[in-house]
>>> print(open('my_file30.cif').read())   # mmCIF, C-alpha atoms and all ligand atoms
data_upload
#
loop_
_atom_site.group_PDB
_atom_site.id
_atom_site.type_symbol
_atom_site.label_atom_id
_atom_site.label_comp_id
_atom_site.auth_asym_id
_atom_site.auth_seq_id
_atom_site.Cartn_x
_atom_site.Cartn_y
_atom_site.Cartn_z
ATOM 1 C CA MET Z 1 -47.169 -4.109 22.528
ATOM 2 C CA THR Z 2 -47.749 -0.450 23.250
ATOM 3 C CA GLY Z 3 -47.851 2.190 20.535
ATOM 4 C CA LEU Z 4 -45.834 0.040 18.136
ATOM 5 C CA SER Z 5 -45.274 1.812 14.824
ATOM 6 C CA VAL Z 6 -42.839 1.408 11.965
ATOM 7 C CA GLY Z 7 -42.579 3.627 8.910
ATOM 8 C CA GLY Z 8 -46.072 5.094 9.307
ATOM 9 C CA ILE Z 9 -47.638 1.692 10.006
ATOM 10 C CA GLY Z 10 -49.585 1.501 13.255
ATOM 11 C CA PRO Z 11 -49.575 2.436 16.064
ATOM 12 C CA ALA Z 12 -50.533 -1.012 17.278
ATOM 13 C CA ASP Z 13 -51.557 -1.773 20.843
ATOM 14 C CA PHE Z 14 -52.257 -5.355 21.824
ATOM 15 C CA ASP Z 15 -51.497 -8.039 24.371
ATOM 16 C CA ILE Z 16 -51.117 -11.739 23.741
ATOM 17 C CA ALA Z 17 -51.477 -14.184 26.591
ATOM 18 C CA ALA Z 18 -49.345 -17.313 26.828
ATOM 19 C CA GLY Z 19 -50.815 -19.937 24.514
ATOM 20 C CA ALA Z 20 -52.919 -17.439 22.557
ATOM 21 C CA CYS Z 21 -52.865 -16.774 18.832
ATOM 22 C CA LEU Z 22 -53.426 -13.371 17.268
ATOM 23 C CA GLY Z 23 -54.250 -13.440 13.560
ATOM 24 C CA LEU Z 24 -53.043 -10.469 11.512
ATOM 25 C CA THR Z 25 -54.447 -9.748 8.087
ATOM 26 C CA GLY Z 26 -54.821 -6.884 5.638
ATOM 27 C CA PRO Z 27 -54.146 -6.017 2.026
ATOM 28 C CA SER Z 28 -50.856 -6.673 0.294
ATOM 29 C CA GLY Z 29 -48.377 -3.944 1.144
ATOM 30 C CA ALA Z 30 -50.296 -2.789 4.240
ATOM 31 C CA GLY Z 31 -47.303 -3.480 6.495
ATOM 32 C CA LYS Z 32 -47.948 -6.856 8.142
ATOM 33 C CA THR Z 33 -44.400 -8.097 7.618
ATOM 34 C CA ARG Z 34 -42.882 -4.846 8.831
ATOM 35 C CA LEU Z 35 -45.003 -4.949 11.958
ATOM 36 C CA LEU Z 36 -43.847 -8.505 12.711
ATOM 37 C CA ARG Z 37 -40.251 -7.471 12.097
ATOM 38 C CA ALA Z 38 -40.706 -4.549 14.488
ATOM 39 C CA VAL Z 39 -42.027 -6.931 17.160
ATOM 40 C CA ALA Z 40 -38.901 -9.031 16.620
ATOM 41 C CA ASP Z 41 -36.777 -5.869 16.904
ATOM 42 C CA LEU Z 42 -35.482 -6.380 13.385
ATOM 43 C CA GLU Z 43 -36.502 -2.897 12.175
ATOM 44 C CA PRO Z 44 -36.172 0.503 13.825
ATOM 45 C CA HIS Z 45 -39.570 1.342 15.304
ATOM 46 C CA GLU Z 46 -41.402 3.375 17.899
ATOM 47 C CA GLY Z 47 -43.335 2.030 20.836
ATOM 48 C CA GLU Z 48 -42.603 -0.716 23.258
ATOM 49 C CA CYS Z 49 -42.721 -4.516 23.210
ATOM 50 C CA ARG Z 50 -42.683 -6.352 26.507
ATOM 51 C CA LEU Z 51 -42.451 -10.007 27.319
ATOM 52 C CA ASP Z 52 -43.384 -10.980 30.863
ATOM 53 C CA GLY Z 53 -42.607 -7.427 31.923
ATOM 54 C CA ARG Z 54 -39.191 -7.331 30.205
ATOM 55 C CA SER Z 55 -38.833 -4.603 27.610
ATOM 56 C CA ALA Z 56 -37.241 -5.386 24.245
ATOM 57 C CA SER Z 57 -35.388 -2.078 24.391
ATOM 58 C CA ALA Z 58 -33.618 -3.218 27.567
ATOM 59 C CA MET Z 59 -32.303 -6.394 25.934
ATOM 60 C CA PRO Z 60 -29.805 -7.138 23.151
ATOM 61 C CA GLY Z 61 -31.691 -7.941 19.937
ATOM 62 C CA PRO Z 62 -30.414 -11.537 19.629
ATOM 63 C CA ALA Z 63 -31.508 -12.315 23.213
ATOM 64 C CA TRP Z 64 -34.980 -10.866 22.532
ATOM 65 C CA ARG Z 65 -35.252 -12.898 19.337
ATOM 66 C CA ARG Z 66 -34.407 -16.147 21.132
ATOM 67 C CA SER Z 67 -37.733 -15.653 22.927
ATOM 68 C CA VAL Z 68 -39.643 -13.781 20.193
ATOM 69 C CA SER Z 69 -38.867 -15.640 17.003
ATOM 70 C CA PHE Z 70 -39.710 -14.322 13.520
ATOM 71 C CA VAL Z 71 -40.303 -16.929 10.811
ATOM 72 C CA ALA Z 72 -39.982 -15.066 7.517
ATOM 73 C CA ALA Z 73 -42.176 -15.817 4.530
ATOM 74 C CA GLU Z 74 -38.957 -16.500 2.604
ATOM 75 C CA PRO Z 75 -36.597 -18.070 5.143
ATOM 76 C CA GLY Z 76 -32.881 -17.337 5.072
ATOM 77 C CA TRP Z 77 -30.193 -20.043 4.766
ATOM 78 C CA TRP Z 78 -26.550 -19.591 5.692
ATOM 79 C CA ASP Z 79 -25.105 -22.982 4.792
ATOM 80 C CA ALA Z 80 -25.388 -24.985 1.579
ATOM 81 C CA ARG Z 81 -26.341 -28.164 3.474
ATOM 82 C CA VAL Z 82 -29.778 -28.602 5.046
ATOM 83 C CA GLY Z 83 -28.393 -30.447 8.083
ATOM 84 C CA ALA Z 84 -26.490 -27.395 9.304
ATOM 85 C CA HIS Z 85 -29.818 -25.601 9.817
ATOM 86 C CA ILE Z 86 -31.686 -28.323 11.637
ATOM 87 C CA GLU Z 87 -29.165 -29.770 14.068
ATOM 88 C CA MET Z 88 -31.617 -29.273 16.949
ATOM 89 C CA VAL Z 89 -34.524 -30.869 15.075
ATOM 90 C CA GLY Z 90 -35.116 -34.540 15.909
ATOM 91 C CA ASP Z 91 -35.939 -37.249 13.379
ATOM 92 C CA ALA Z 92 -39.452 -37.659 14.826
ATOM 93 C CA ASP Z 93 -40.171 -33.997 14.100
ATOM 94 C CA LEU Z 94 -38.799 -34.372 10.582
ATOM 95 C CA ASP Z 95 -41.054 -37.386 10.063
ATOM 96 C CA GLU Z 96 -44.096 -35.487 11.346
ATOM 97 C CA PHE Z 97 -43.433 -32.784 8.750
ATOM 98 C CA GLY Z 98 -42.940 -35.283 5.922
ATOM 99 C CA PHE Z 99 -39.154 -35.709 5.807
ATOM 100 C CA ALA Z 100 -36.847 -38.718 6.052
ATOM 101 C CA PRO Z 101 -33.636 -38.223 8.072
ATOM 102 C CA ALA Z 102 -31.752 -38.150 4.746
ATOM 103 C CA VAL Z 103 -33.024 -34.592 4.245
ATOM 104 C CA ARG Z 104 -30.083 -33.544 6.428
ATOM 105 C CA ASP Z 105 -27.752 -34.427 3.556
ATOM 106 C CA TRP Z 106 -29.697 -32.500 0.938
ATOM 107 C CA SER Z 107 -28.440 -29.224 -0.459
ATOM 108 C CA VAL Z 108 -30.572 -26.201 0.385
ATOM 109 C CA GLU Z 109 -30.617 -25.325 -3.294
ATOM 110 C CA ARG Z 110 -32.783 -28.321 -4.215
ATOM 111 C CA LEU Z 111 -35.507 -27.615 -1.630
ATOM 112 C CA SER Z 112 -38.960 -26.776 -2.910
ATOM 113 C CA ALA Z 113 -40.705 -23.702 -1.521
ATOM 114 C CA GLY Z 114 -42.894 -25.871 0.701
ATOM 115 C CA GLU Z 115 -39.929 -27.899 1.932
ATOM 116 C CA ARG Z 116 -38.144 -24.662 2.850
ATOM 117 C CA GLN Z 117 -41.222 -23.467 4.676
ATOM 118 C CA ARG Z 118 -41.587 -26.649 6.737
ATOM 119 C CA LEU Z 119 -37.894 -26.928 7.581
ATOM 120 C CA ALA Z 120 -37.670 -23.271 8.598
ATOM 121 C CA LEU Z 121 -40.642 -23.699 10.908
ATOM 122 C CA LEU Z 122 -39.114 -26.810 12.496
ATOM 123 C CA ARG Z 123 -35.844 -24.954 12.985
ATOM 124 C CA HIS Z 124 -37.562 -22.108 14.819
ATOM 125 C CA LEU Z 125 -39.718 -24.443 16.913
ATOM 126 C CA ALA Z 126 -36.672 -26.447 17.996
ATOM 127 C CA ALA Z 127 -35.292 -23.334 19.690
ATOM 128 C CA GLY Z 128 -38.341 -23.242 21.985
ATOM 129 C CA PRO Z 129 -39.475 -19.624 21.559
ATOM 130 C CA LEU Z 130 -42.050 -18.101 23.902
ATOM 131 C CA VAL Z 131 -43.605 -16.147 21.036
ATOM 132 C CA LEU Z 132 -43.593 -17.215 17.394
ATOM 133 C CA LEU Z 133 -44.169 -14.616 14.669
ATOM 134 C CA LEU Z 134 -45.372 -16.374 11.522
ATOM 135 C CA ASP Z 135 -45.422 -14.593 8.167
ATOM 136 C CA GLU Z 136 -47.766 -16.566 5.893
ATOM 137 C CA PRO Z 137 -46.459 -19.849 7.319
ATOM 138 C CA VAL Z 138 -48.419 -22.265 5.119
ATOM 139 C CA SER Z 139 -48.524 -20.341 1.835
ATOM 140 C CA HIS Z 140 -46.593 -23.071 -0.031
ATOM 141 C CA LEU Z 141 -48.170 -26.139 1.588
ATOM 142 C CA ASP Z 142 -50.858 -28.566 0.449
ATOM 143 C CA ALA Z 143 -54.014 -29.139 2.464
ATOM 144 C CA ASP Z 144 -52.688 -32.190 4.350
ATOM 145 C CA LEU Z 145 -49.473 -30.458 5.386
ATOM 146 C CA ILE Z 146 -51.373 -27.347 6.431
ATOM 147 C CA GLU Z 147 -53.267 -29.541 8.890
ATOM 148 C CA VAL Z 148 -49.986 -30.999 10.181
ATOM 149 C CA VAL Z 149 -48.636 -27.510 10.816
ATOM 150 C CA ILE Z 150 -51.847 -26.297 12.446
ATOM 151 C CA ALA Z 151 -51.895 -29.329 14.755
ATOM 152 C CA ARG Z 152 -48.248 -28.890 15.710
ATOM 153 C CA LEU Z 153 -48.703 -25.216 16.497
ATOM 154 C CA ALA Z 154 -51.805 -26.006 18.536
ATOM 155 C CA ALA Z 155 -49.714 -28.437 20.597
ATOM 156 C CA CYS Z 156 -47.027 -25.780 21.119
ATOM 157 C CA ARG Z 157 -49.715 -23.344 22.227
ATOM 158 C CA GLN Z 158 -50.927 -25.899 24.778
ATOM 159 C CA ASP Z 159 -47.409 -25.697 26.179
ATOM 160 C CA GLY Z 160 -47.715 -21.914 26.447
ATOM 161 C CA MET Z 161 -46.171 -20.610 23.244
ATOM 162 C CA ALA Z 162 -47.949 -17.511 21.926
ATOM 163 C CA VAL Z 163 -48.348 -16.910 18.184
ATOM 164 C CA ILE Z 164 -48.911 -14.032 15.822
ATOM 165 C CA TRP Z 165 -50.013 -15.492 12.499
ATOM 166 C CA VAL Z 166 -50.079 -13.334 9.342
ATOM 167 C CA ASP Z 167 -52.280 -14.698 6.578
ATOM 168 C CA HIS Z 168 -54.417 -13.486 3.687
ATOM 169 C CA ASP Z 169 -56.842 -16.373 4.218
ATOM 170 C CA GLY Z 170 -59.490 -15.063 6.599
ATOM 171 C CA ASP Z 171 -61.165 -18.462 6.965
ATOM 172 C CA ARG Z 172 -57.898 -20.030 8.075
ATOM 173 C CA LEU Z 173 -57.204 -17.222 10.525
ATOM 174 C CA GLY Z 174 -60.720 -17.683 11.904
ATOM 175 C CA ARG Z 175 -59.809 -21.303 12.642
ATOM 176 C CA VAL Z 176 -56.388 -20.833 14.168
ATOM 177 C CA ALA Z 177 -56.593 -17.467 15.934
ATOM 178 C CA ASP Z 178 -58.387 -16.348 19.103
ATOM 179 C CA ARG Z 179 -58.482 -12.751 17.916
ATOM 180 C CA ILE Z 180 -58.034 -11.095 14.529
ATOM 181 C CA ALA Z 181 -56.151 -7.859 13.998
ATOM 182 C CA ARG Z 182 -56.160 -5.933 10.772
ATOM 183 C CA LEU Z 183 -53.955 -3.416 9.026
ATOM 184 C CA ASP Z 184 -55.772 -1.395 6.391
ATOM 185 C CA SER Z 185 -54.159 -0.011 3.259
ATOM 186 C CA THR Z 186 -53.156 3.164 5.121
ATOM 187 C CA GLY Z 187 -51.404 1.151 7.838
ATOM 188 C CA ARG Z 188 -54.121 1.738 10.441
ATOM 189 C CA PHE Z 189 -54.199 -1.082 12.997
ATOM 190 C CA SER Z 190 -57.378 -2.415 14.555
ATOM 191 C CA CYS Z 191 -58.011 -5.489 16.670
ATOM 192 C CA SER Z 192 -61.293 -7.304 17.373
HETATM 193 N N1 LIG Z 201 -37.239 -1.123 4.920
HETATM 194 C C1 LIG Z 201 -38.272 -0.548 4.311
HETATM 195 N N2 LIG Z 201 -38.315 0.801 4.176
HETATM 196 C C2 LIG Z 201 -39.352 1.404 3.578
HETATM 197 N N3 LIG Z 201 -40.419 0.753 3.101
HETATM 198 C C3 LIG Z 201 -40.427 -0.579 3.208
HETATM 199 C C4 LIG Z 201 -39.361 -1.305 3.817
HETATM 200 N N4 LIG Z 201 -39.655 -2.627 3.787
HETATM 201 C C5 LIG Z 201 -40.852 -2.713 3.173
HETATM 202 N N5 LIG Z 201 -41.306 -1.492 2.814
HETATM 203 C C6 LIG Z 201 -42.591 -1.166 2.196
HETATM 204 O O1 LIG Z 201 -43.544 -1.181 3.257
HETATM 205 C C7 LIG Z 201 -44.796 -1.626 2.757
HETATM 206 C C8 LIG Z 201 -45.294 -2.755 3.632
HETATM 207 O O2 LIG Z 201 -44.498 -3.909 3.373
HETATM 208 P P1 LIG Z 201 -44.830 -5.302 4.058
HETATM 209 O O3 LIG Z 201 -43.880 -6.305 3.490
HETATM 210 O O4 LIG Z 201 -44.842 -5.121 5.528
HETATM 211 O O5 LIG Z 201 -46.320 -5.556 3.550
HETATM 212 P P2 LIG Z 201 -47.277 -6.801 3.800
HETATM 213 O O6 LIG Z 201 -48.538 -6.289 4.410
HETATM 214 O O7 LIG Z 201 -46.544 -7.861 4.550
HETATM 215 O O8 LIG Z 201 -47.552 -7.249 2.308
HETATM 216 P P3 LIG Z 201 -47.826 -8.692 1.625
HETATM 217 O O9 LIG Z 201 -49.182 -9.137 2.081
HETATM 218 O O10 LIG Z 201 -47.771 -8.370 0.162
HETATM 219 O O11 LIG Z 201 -46.719 -9.616 2.054
HETATM 220 C C9 LIG Z 201 -44.582 -2.014 1.305
HETATM 221 O O12 LIG Z 201 -45.044 -0.944 0.488
HETATM 222 C C10 LIG Z 201 -43.086 -2.164 1.188
HETATM 223 O O13 LIG Z 201 -42.620 -1.842 -0.088
#
>>> encode(input="my_file30.cif", output="C-alpha cells")
Amino acid sequence: MTGLSVGGIGPADFDIAAGACLGLTGPSGAGKTRLLRAVADLEPHEGECRLDGRSASAMPGPAWRRSVSFVAAEPGWWDARVGAHIEMVGDADLDEFGFAPAVRDWSVERLSAGERQRLALLRHLAAGPLVLLLDEPVSHLDADLIEVVIARLAACRQDGMAVIWVDHDGDRLGRVADRIARLDSTGRFSCS
C-alpha cells in the first residue's frame, strides 16, 4: 500500500509478504475499519494498493475483492438460509469450526454472534483469497474457538495467504502478527 488514506485517516504505507500477518490496532473510532475497507476498495480513497504488481485501480472492484477479501466485524447475509452462504464450505471445515452439517438448514436469523463470525470466516476462506482483511475476527468467540481460528489462519498463511488482522487485544496481536501497525486517535498511521 502506498499513501493510502481515507477521510483524513492515514496516509498508510506498508507491504505485506505472502504468508505474513500485519496486526492493526488503535483506539475505537481511529479508522481501522475504514482503512481495511479502503484496502478492499470498498470506500473511495487516495493512494494505491497493489497485489503482485497489479494495481487495484486497474481492476474492477469485485475482481480485486476476490483476491483481497474483507471480513466485516458484522458480516452481511443475503439469504435467509445459512446453506446459501456456505455452499463452497465442506463438512470437514464446518466440523473444525464446531458445526454439524445440519447448520446448512438453519435460518440465519437464529445464529448467535459467534456462529455468524465463524461461518462468515469459513465462507471467505472457501473462496481462497490471497489476502484476508479481518476486522476483529474473534470478538464473539470463546477461548477454545479463538485457538481453532488462530490455528486455521496459521495453516492458510503457510499456504501463502497474507492477513491484516484488526484487534483491540494487543497480546493477541502480538501472538498472531509479524508486525504491528497502529492508528492513533487523529488517524495517524505508524508501523513497527
Ligand atoms: N462513510 C463514512 N463517512 C464518514 N465517516 C465515517 C464513515 N464511516 C465511518 N466513519 C467514521 O470514521 C471513524 C472511524 O470509523 P472506523 O469504523 O474505521 O473506526 P474503528 O477504528 O474501526 O473503530 P472501532 O474500534 O470502534 O471499531 C468513526 O468516527 C466513524 O464514525
>>> resolve_selection(input="my_file30.cif", expression="the PyMOL selection byres (((not hetatm)) within 12 of (chain Z and resi 201))", output="PyMOL selection string")
chain Z and resi 5-10+24-38+42-45+72-74+134-137+139+165-169+182-189
>>> atom_distance(input="my_file30.cif", atom1="atom CA of Arg50 of chain Z", atom2="atom CA of Trp64 of chain Z")
9.8 Å
>>> atom_distance(input="my_file30.cif", atom1="atom CA of Ile146 of chain Z", atom2="atom CA of Gly128 of chain Z")
20.7 Å
>>> axis_aligned_box(input="my_file30.cif", around="segment 162-178 of chain Z", padding_each_side="5 Å", output="JSON")
{"center_x": -54.6, "center_y": -17.3, "center_z": 12.8, "size_x": 23.2, "size_y": 18.0, "size_z": 28.2}
>>> residues_around(input="my_file30.cif", residues="Leu22 of chain Z", least_positions_apart="5", cutoff="8 Å", atoms="all atoms listed in the file", output="ChimeraX atom specification")
/Z:16,163-165,177-181
>>> closest_residue(input="my_file30.cif", among="Z:Leu132, Z:Val149, Z:Met88, Z:Met59", to="Arg104 of chain Z", atoms="only C-alpha atoms")
Z:Met88
>>> residues_around(input="my_file30.cif", residues="Arg157 of chain Z", least_positions_apart="4", cutoff="8 Å", atoms="all atoms listed in the file", output="list in words")
Ala18, Gly19, Ala20, Leu153, Met161, Ala162 and Val163 of chain Z
>>> residues_around(input="my_file30.cif", residues="Val176 of chain Z", least_positions_apart="4", cutoff="9 Å", atoms="all atoms listed in the file", output="PyMOL selection string")
chain Z and resi 21-23+150+154+165+171-172
>>> atom_distance(input="my_file30.cif", atom1="atom CA of Trp78 of chain Z", atom2="atom CA of Leu130 of chain Z")
24.0 Å
>>> resolve_selection(input="my_file30.cif", expression="the PyMOL selection byres (((chain Z and resi 14) around 9) and not hetatm)", output="tab-separated table (two decimals) with C-alpha atoms, keeping the file's coordinate frame")
chain	number	residue	atom	x	y	z
Z	1	MET	CA	-47.17	-4.11	22.53
Z	2	THR	CA	-47.75	-0.45	23.25
Z	3	GLY	CA	-47.85	2.19	20.54
Z	12	ALA	CA	-50.53	-1.01	17.28
Z	13	ASP	CA	-51.56	-1.77	20.84
Z	15	ASP	CA	-51.50	-8.04	24.37
Z	16	ILE	CA	-51.12	-11.74	23.74
Z	191	CYS	CA	-58.01	-5.49	16.67
>>> resolve_selection(input="my_file30.cif", expression="the PyMOL selection byres (((chain Z and resi 108) around 7) and not hetatm)", output="list of chain:residue names")
Z:Ala80, Z:Arg81, Z:Val82, Z:Trp106, Z:Ser107, Z:Glu109, Z:Arg110, Z:Leu111
>>> build_atoms(input="my_file30.cif", residues="segment 17-38 of chain Z", atoms="N, CA and C atoms", output="tab-separated table (two decimals), in the frame of the given file")
chain	number	residue	atom	x	y	z
Z	17	ALA	N	-51.73	-13.33	25.43
Z	17	ALA	CA	-51.48	-14.18	26.59
Z	17	ALA	C	-50.69	-15.41	26.16
Z	18	ALA	N	-50.03	-16.05	27.11
Z	18	ALA	CA	-49.34	-17.31	26.83
Z	18	ALA	C	-50.35	-18.29	26.23
Z	19	GLY	N	-49.96	-18.94	25.15
Z	19	GLY	CA	-50.82	-19.94	24.51
Z	19	GLY	C	-51.84	-19.37	23.56
Z	20	ALA	N	-51.92	-18.05	23.44
Z	20	ALA	CA	-52.92	-17.44	22.56
Z	20	ALA	C	-52.36	-17.26	21.15
Z	21	CYS	N	-53.28	-17.05	20.22
Z	21	CYS	CA	-52.86	-16.77	18.83
Z	21	CYS	C	-53.62	-15.56	18.32
Z	22	LEU	N	-52.86	-14.56	17.90
Z	22	LEU	CA	-53.43	-13.37	17.27
Z	22	LEU	C	-53.24	-13.51	15.76
Z	23	GLY	N	-54.33	-13.45	15.02
Z	23	GLY	CA	-54.25	-13.44	13.56
Z	23	GLY	C	-54.09	-12.01	13.08
Z	24	LEU	N	-53.25	-11.82	12.07
Z	24	LEU	CA	-53.04	-10.47	11.51
Z	24	LEU	C	-53.24	-10.55	10.01
Z	25	THR	N	-54.16	-9.73	9.51
Z	25	THR	CA	-54.45	-9.75	8.09
Z	25	THR	C	-54.53	-8.32	7.56
Z	26	GLY	N	-54.75	-8.20	6.27
Z	26	GLY	CA	-54.82	-6.88	5.64
Z	26	GLY	C	-54.29	-6.98	4.23
Z	27	PRO	N	-54.53	-5.95	3.43
Z	27	PRO	CA	-54.15	-6.02	2.03
Z	27	PRO	C	-52.64	-6.10	1.82
Z	28	SER	N	-52.27	-6.59	0.64
Z	28	SER	CA	-50.86	-6.67	0.29
Z	28	SER	C	-50.22	-5.29	0.37
Z	29	GLY	N	-49.09	-5.21	1.03
Z	29	GLY	CA	-48.38	-3.94	1.14
Z	29	GLY	C	-48.83	-3.09	2.31
Z	30	ALA	N	-49.78	-3.58	3.11
Z	30	ALA	CA	-50.30	-2.79	4.24
Z	30	ALA	C	-49.25	-2.62	5.34
Z	31	GLY	N	-48.35	-3.60	5.47
Z	31	GLY	CA	-47.30	-3.48	6.50
Z	31	GLY	C	-47.27	-4.61	7.50
Z	32	LYS	N	-47.89	-5.74	7.19
Z	32	LYS	CA	-47.95	-6.86	8.14
Z	32	LYS	C	-46.55	-7.39	8.45
Z	33	THR	N	-45.75	-7.58	7.39
Z	33	THR	CA	-44.40	-8.10	7.62
Z	33	THR	C	-43.57	-7.11	8.43
Z	34	ARG	N	-43.68	-5.85	8.11
Z	34	ARG	CA	-42.88	-4.85	8.83
Z	34	ARG	C	-43.27	-4.79	10.30
Z	35	LEU	N	-44.57	-4.95	10.56
Z	35	LEU	CA	-45.00	-4.95	11.96
Z	35	LEU	C	-44.42	-6.16	12.70
Z	36	LEU	N	-44.45	-7.32	12.07
Z	36	LEU	CA	-43.85	-8.51	12.71
Z	36	LEU	C	-42.36	-8.28	12.95
Z	37	ARG	N	-41.70	-7.71	11.95
Z	37	ARG	CA	-40.25	-7.47	12.10
Z	37	ARG	C	-39.97	-6.46	13.22
Z	38	ALA	N	-40.87	-5.50	13.39
Z	38	ALA	CA	-40.71	-4.55	14.49
Z	38	ALA	C	-40.87	-5.26	15.83
